[in-house]
$ cat structure.txt   # compact mmCIF, C-alpha atoms
# COMPACT_ATOMS: atom_id res chain seq x y z
CA PRO A 152 0.00 0.00 0.00
CA ARG A 153 1.21 3.46 -0.88
CA LEU A 154 -0.09 6.97 -0.33
CA ALA A 155 -0.28 9.58 -3.06
CA ALA A 156 3.22 11.01 -3.53
CA ARG A 157 2.91 14.53 -2.03
CA ARG A 158 5.43 16.29 0.17
CA TRP A 159 2.96 17.98 2.49
CA TRP A 160 -0.49 16.98 3.74
CA ARG A 161 -3.14 19.09 5.42
CA GLY A 162 -4.74 18.17 8.73
CA ASP A 163 -8.20 18.13 7.16
CA GLU A 164 -7.36 15.20 4.85
CA ALA A 165 -8.19 11.56 5.55
CA PRO A 166 -6.85 9.56 7.31
CA LEU A 167 -5.52 12.28 9.59
CA VAL A 168 -8.67 14.22 10.49
CA PRO A 169 -9.49 12.34 13.73
CA LEU A 170 -5.90 12.47 15.00
CA VAL A 171 -5.38 16.15 14.17
CA HIS A 172 -8.72 17.03 15.77
CA ALA A 173 -7.95 15.06 18.96
CA LEU A 174 -4.46 16.60 19.32
CA THR A 175 -5.63 20.14 18.57
CA GLU A 176 -8.53 19.95 21.00
CA ALA A 177 -6.34 18.54 23.78
CA PHE A 178 -3.30 20.76 23.11
CA PRO A 179 -3.66 23.10 26.13
CA ALA A 180 -3.74 20.11 28.52
CA ILE A 181 -1.00 18.26 26.59
CA ARG A 182 1.30 21.28 26.73
CA GLY A 183 0.54 21.86 30.42
CA GLU A 184 1.46 18.29 31.37
CA PHE A 185 4.59 18.43 29.24
CA LEU A 186 5.76 21.74 30.74
CA GLN A 187 5.18 20.35 34.25
CA LEU A 188 7.53 17.48 33.46
CA LEU A 189 10.21 19.91 32.29
CA HIS A 190 9.61 22.29 35.21
CA HIS A 191 10.04 19.53 37.77
CA GLY A 192 13.44 18.66 36.35
CA HIS A 193 12.59 15.34 34.79
CA GLU A 194 15.38 14.11 32.54
CA LEU A 195 13.44 13.34 29.40
CA GLY A 196 14.66 11.14 26.64
CA GLU A 197 17.44 8.93 25.47
CA GLY A 198 20.23 10.20 23.24
CA ASP A 199 20.85 9.04 19.70
CA ALA A 200 24.12 9.79 17.91
CA TYR A 201 22.46 9.49 14.48
CA LYS A 202 20.17 12.34 15.37
CA MET A 203 23.16 14.48 16.45
CA GLY A 204 22.02 15.64 19.88
CA TRP A 205 18.36 14.76 19.57
CA ARG A 206 16.67 13.06 22.50
CA PHE A 207 13.48 11.08 22.34
CA VAL A 208 10.81 9.66 24.66
CA PRO A 209 8.96 6.67 23.19
CA LEU A 210 5.20 6.65 23.83
CA TRP A 211 3.99 3.89 21.49
CA ALA A 212 5.72 1.55 19.08
CA SER A 213 4.59 -1.19 16.77
CA GLY A 214 6.69 -4.31 16.61
CA SER A 215 9.34 -4.81 14.02
CA GLY A 216 11.14 -7.82 12.66
CA GLU A 217 9.71 -11.19 13.60
CA ASP A 218 7.14 -9.85 16.05
CA ASP A 219 5.26 -7.28 13.96
CA CYS A 220 2.03 -7.84 15.85
CA ASN A 221 3.55 -6.62 19.12
CA THR A 222 2.29 -3.11 19.76
CA VAL A 223 2.81 -1.47 23.12
CA TRP A 224 2.21 1.81 24.96
CA GLN A 225 5.37 2.76 26.79
CA GLY A 226 4.84 3.48 30.48
CA PRO A 227 5.00 5.35 32.74
CA TRP A 228 4.81 8.31 30.37
CA CYS A 229 1.24 7.71 29.27
CA ASP A 230 -0.49 6.72 32.46
CA ARG A 231 1.36 8.91 34.95
CA ASP A 232 2.95 11.88 33.18
CA LEU A 233 1.18 12.63 29.89
CA PRO A 234 -2.36 11.25 30.18
CA SER A 235 -3.96 13.95 28.00
CA LEU A 236 -1.54 13.30 25.15
CA CYS A 237 -1.93 9.55 25.27
CA ARG A 238 -5.71 9.82 25.59
CA ALA A 239 -5.77 11.96 22.42
CA LEU A 240 -3.52 9.49 20.60
CA ARG A 241 -5.60 6.49 21.66
CA VAL A 242 -8.78 8.09 20.30
CA ALA A 243 -7.55 8.18 16.72
CA TRP A 244 -4.33 6.23 16.41
CA PRO A 245 -2.65 3.84 15.56
CA THR A 246 -5.46 3.01 13.14
CA LEU A 247 -4.68 5.37 10.27
CA GLY A 248 -7.33 3.98 7.94
CA SER A 249 -6.93 4.47 4.23
CA VAL A 250 -6.31 7.13 1.63
CA GLY A 251 -8.18 6.47 -1.58
CA SER A 252 -7.61 2.85 -2.49
CA ALA A 253 -4.37 2.54 -0.47
CA ALA A 254 -4.92 0.88 2.89
CA VAL A 255 -2.41 2.14 5.43
CA ALA A 256 -1.03 -0.75 7.46
CA VAL A 257 -0.12 0.08 11.03
CA ASN A 258 2.44 -2.58 11.85
CA GLU A 259 3.86 -3.23 8.39
CA TRP A 260 6.03 -0.11 8.45
CA HIS A 261 6.89 0.06 12.17
CA GLU A 262 4.99 3.12 13.29
CA ALA A 263 5.76 4.97 16.49
CA ALA A 264 4.73 7.94 18.59
CA GLU A 265 7.46 9.71 20.51
CA LEU A 266 8.51 13.05 21.93
CA GLN A 267 11.65 14.43 20.32
CA ALA A 268 13.99 17.17 21.51
CA MET A 269 16.44 19.12 19.39
CA PRO A 270 18.98 21.43 21.07
CA PRO A 271 19.46 25.04 19.94
CA GLY A 272 21.38 25.31 16.67
CA ALA A 273 21.09 21.57 15.93
CA ARG A 274 20.14 19.97 12.65
CA LEU A 275 19.02 16.56 11.41
CA LEU A 276 20.71 15.82 8.09
CA LEU A 277 18.89 15.06 4.85
CA HIS A 278 17.43 11.55 4.75
CA ASN A 279 14.26 9.66 3.78
CA ASP A 280 12.36 6.68 5.12
CA GLY A 281 12.44 4.70 1.88
CA HIS A 282 8.65 4.22 1.54
CA ASN A 283 5.43 6.20 1.67
CA ALA A 284 3.14 3.70 3.36
CA ARG A 285 2.55 6.18 6.21
CA LEU A 286 2.73 9.90 6.96
CA ASN A 287 4.62 11.72 9.72
CA LEU A 288 2.79 14.23 11.90
CA HIS A 289 4.77 16.72 14.01
CA LEU A 290 3.07 18.73 16.76
CA ALA A 291 5.16 21.58 18.24
CA LEU A 292 5.16 21.38 22.04
CA LEU A 293 7.94 23.86 22.84
CA GLY A 294 10.20 26.05 20.69
CA GLY A 295 8.04 25.89 17.58
CA ALA A 296 9.04 29.40 16.47
CA GLY A 297 12.66 28.40 15.79
CA TRP A 298 12.02 25.05 14.17
CA TRP A 299 11.99 24.31 10.45
CA LEU A 300 11.41 21.23 8.31
CA THR A 301 12.41 20.85 4.66
CA VAL A 302 10.65 18.14 2.65
CA GLY A 303 11.44 17.57 -1.01
CA GLY A 304 13.23 20.91 -1.19
CA GLU A 305 10.37 22.97 0.31
CA THR A 306 10.94 24.48 3.77
CA ARG A 307 8.16 25.18 6.26
CA ARG A 308 8.28 26.53 9.79
CA PHE A 309 5.97 25.81 12.68
CA GLY A 310 5.78 29.46 13.67
CA SER A 311 4.32 28.69 17.10
CA ASP A 312 3.72 25.97 19.64
CA GLY A 313 0.59 23.93 18.93
CA ALA A 314 1.14 24.04 15.17
CA ILE A 315 1.09 20.78 13.21
CA LEU A 316 3.06 19.82 10.10
CA ILE A 317 2.29 16.61 8.21
CA PHE A 318 4.59 15.21 5.55
CA ASP A 319 5.42 12.17 3.46
CA PRO A 320 8.70 10.75 4.85
CA SER A 321 9.55 9.03 1.55
CA PHE A 322 10.72 12.45 0.30
CA ASP A 323 14.19 13.58 1.33
CA HIS A 324 13.74 15.67 4.46
CA GLU A 325 15.82 17.48 7.05
CA ALA A 326 15.07 19.55 10.13
CA GLY A 327 16.71 22.19 12.27
CA ASN A 328 16.31 24.40 15.31
CA ASP A 329 17.45 27.96 14.56
CA ALA A 330 16.76 29.17 18.09
CA ALA A 331 19.88 30.46 19.85
CA ASP A 332 18.86 29.39 23.34
CA GLN A 333 15.71 27.25 23.33
CA GLU A 334 15.43 23.50 22.99
CA ARG A 335 12.71 22.38 20.60
CA TRP A 336 10.28 19.60 21.56
CA ILE A 337 7.75 17.97 19.23
CA LEU A 338 5.41 15.02 19.21
CA ASN A 339 6.31 12.84 16.23
CA VAL A 340 3.65 10.38 15.09
CA GLY A 341 4.57 8.30 12.10
$ encode --input "structure.txt" --output "structure tokens"
Amino acid sequence: PRLAARRWWRGDEAPLVPLVHALTEAFPAIRGEFLQLLHHGHELGEGDAYKMGWRFVPLWASGSGEDDCNTVWQGPWCDRDLPSLCRALRVAWPTLGSVGSAAVAVNEWHEAAELQAMPPGARLLLHNDGHNARLNLHLALLGGAGWWLTVGGETRRFGSDGAILIFDPSFDHEAGNDAADQERWILNVG
């Protein structure tokens, strides 16, 4: 199954409407819970050298390899720390439905939901995911004003926290945080 080959998608297009609606409606509570975690000094995320300074907090992951049917919510983030976010995700995801005649398989392409941090001045180099069986949705939680994403040669900026960008990860894409002093946090669903 493949999606139509387009760099950018709008939040009002199937199969994303229920997920975008749930995240947008819950954003004030999601952001409040997230900022409380940061304010209380929680060390969030694991490092990843490939992502050159990025940190991530896994929330949900489908299985990969031999055990593709293994899907799991990662605790304690959902139940204890970010219940509004996980409640919004559970309403509309991981079932992404279909676009036209292309059914979007959840486990076939190892989907995940995670929080991602990018330090000031950092950049994720140009890459692609090698297929377009799913879309990536990014929701700006903190530092959205300094963050940019280039997909297929076209650059877009969040502009503010709470903004959502949706793109086809089969196109070459890169990201960066132009802020001089603010870490950037997003929710990445894809």
$ atom_distance --input "structure.txt" --atom1 "atom CA of Ala155 of chain A" --atom2 "atom CA of His282 of chain A"
11.4 Å
$ atom_distance --input "structure.txt" --atom1 "atom CA of Gly281 of chain A" --atom2 "atom CA of Trp298 of chain A"
23.8 Å
$ axis_aligned_box --input "structure.txt" --around "segment 285-298 of chain A" --padding-each-side "3 Å" --output "lines of an AutoDock Vina configuration file"
center_x = 7.6
center_y = 17.8
center_z = 14.5
size_x = 16.1
size_y = 29.2
size_z = 22.6
$ residues_near_point --input "structure.txt" --point "(10.0, 17.9, 19.7)" --cutoff "10 Å" --atoms "all atoms listed in the file" --output "list in words"
Trp205, Arg206, Phe207, Val208, Glu265, Leu266, Gln267, Ala268, Met269, Pro270, His289, Leu290, Ala291, Leu292, Leu293, Gly294, Gly295, Trp298, Glu334, Arg335, Trp336, Ile337, Leu338 and Asn339 of chain A
$ closest_residue --input "structure.txt" --among "A:Ile181, A:Leu275, A:Leu170, A:Ala264" --to "Asp232 of chain A" --atoms "only C-alpha atoms"
A:Ile181
$ residues_around --input "structure.txt" --residues "Arg274 of chain A" --least-positions-apart "2" --cutoff "12 Å" --atoms "all atoms listed in the file" --output "PyMOL selection string"
chain A and resi 201-205+268-272+276-278+297-301+324-330+334-335
$ atom_distance --input "structure.txt" --atom1 "atom CA of Ala173 of chain A" --atom2 "atom CA of Ala239 of chain A"
5.1 Å
$ residues_around --input "structure.txt" --residues "Ala296 of chain A" --least-positions-apart "3" --cutoff "8 Å" --atoms "all atoms listed in the file" --output "PyMOL selection string"
chain A and resi 308-312+330
$ write_last_selection --input "structure.txt" --atoms "C-alpha atoms" --output "mmCIF file, in the coordinates of the input"
data_model
loop_
_atom_site.group_PDB
_atom_site.id
_atom_site.type_symbol
_atom_site.label_atom_id
_atom_site.label_comp_id
_atom_site.auth_asym_id
_atom_site.auth_seq_id
_atom_site.Cartn_x
_atom_site.Cartn_y
_atom_site.Cartn_z
ATOM 1 C CA ARG A 308 8.280 26.530 9.790
ATOM 2 C CA PHE A 309 5.970 25.810 12.680
ATOM 3 C CA GLY A 310 5.780 29.460 13.670
ATOM 4 C CA SER A 311 4.320 28.690 17.100
ATOM 5 C CA ASP A 312 3.720 25.970 19.640
ATOM 6 C CA ALA A 330 16.760 29.170 18.090
#
$ closest_residue --input "structure.txt" --among "A:Leu167, A:Ala273, A:Leu188, A:Ala263" --to "Pro209 of chain A" --atoms "only C-alpha atoms"
A:Ala263
$ residues_around --input "structure.txt" --residues "Phe322 of chain A" --least-positions-apart "4" --cutoff "8 Å" --atoms "only C-alpha atoms" --output "list of chain:residue names"
A:Arg158, A:Asn279, A:Asp280, A:Val302, A:Gly303
$ closest_residue --input "structure.txt" --among "A:Leu189, A:Leu210, A:Leu316, A:Leu154" --to "Trp228 of chain A" --atoms "all atoms listed in the file"
A:Leu210
$ residues_around --input "structure.txt" --residues "Phe178 of chain A" --least-positions-apart "6" --cutoff "9 Å" --atoms "only C-alpha atoms" --output "VMD selection string"
chain A and resid 235 to 236 292 313
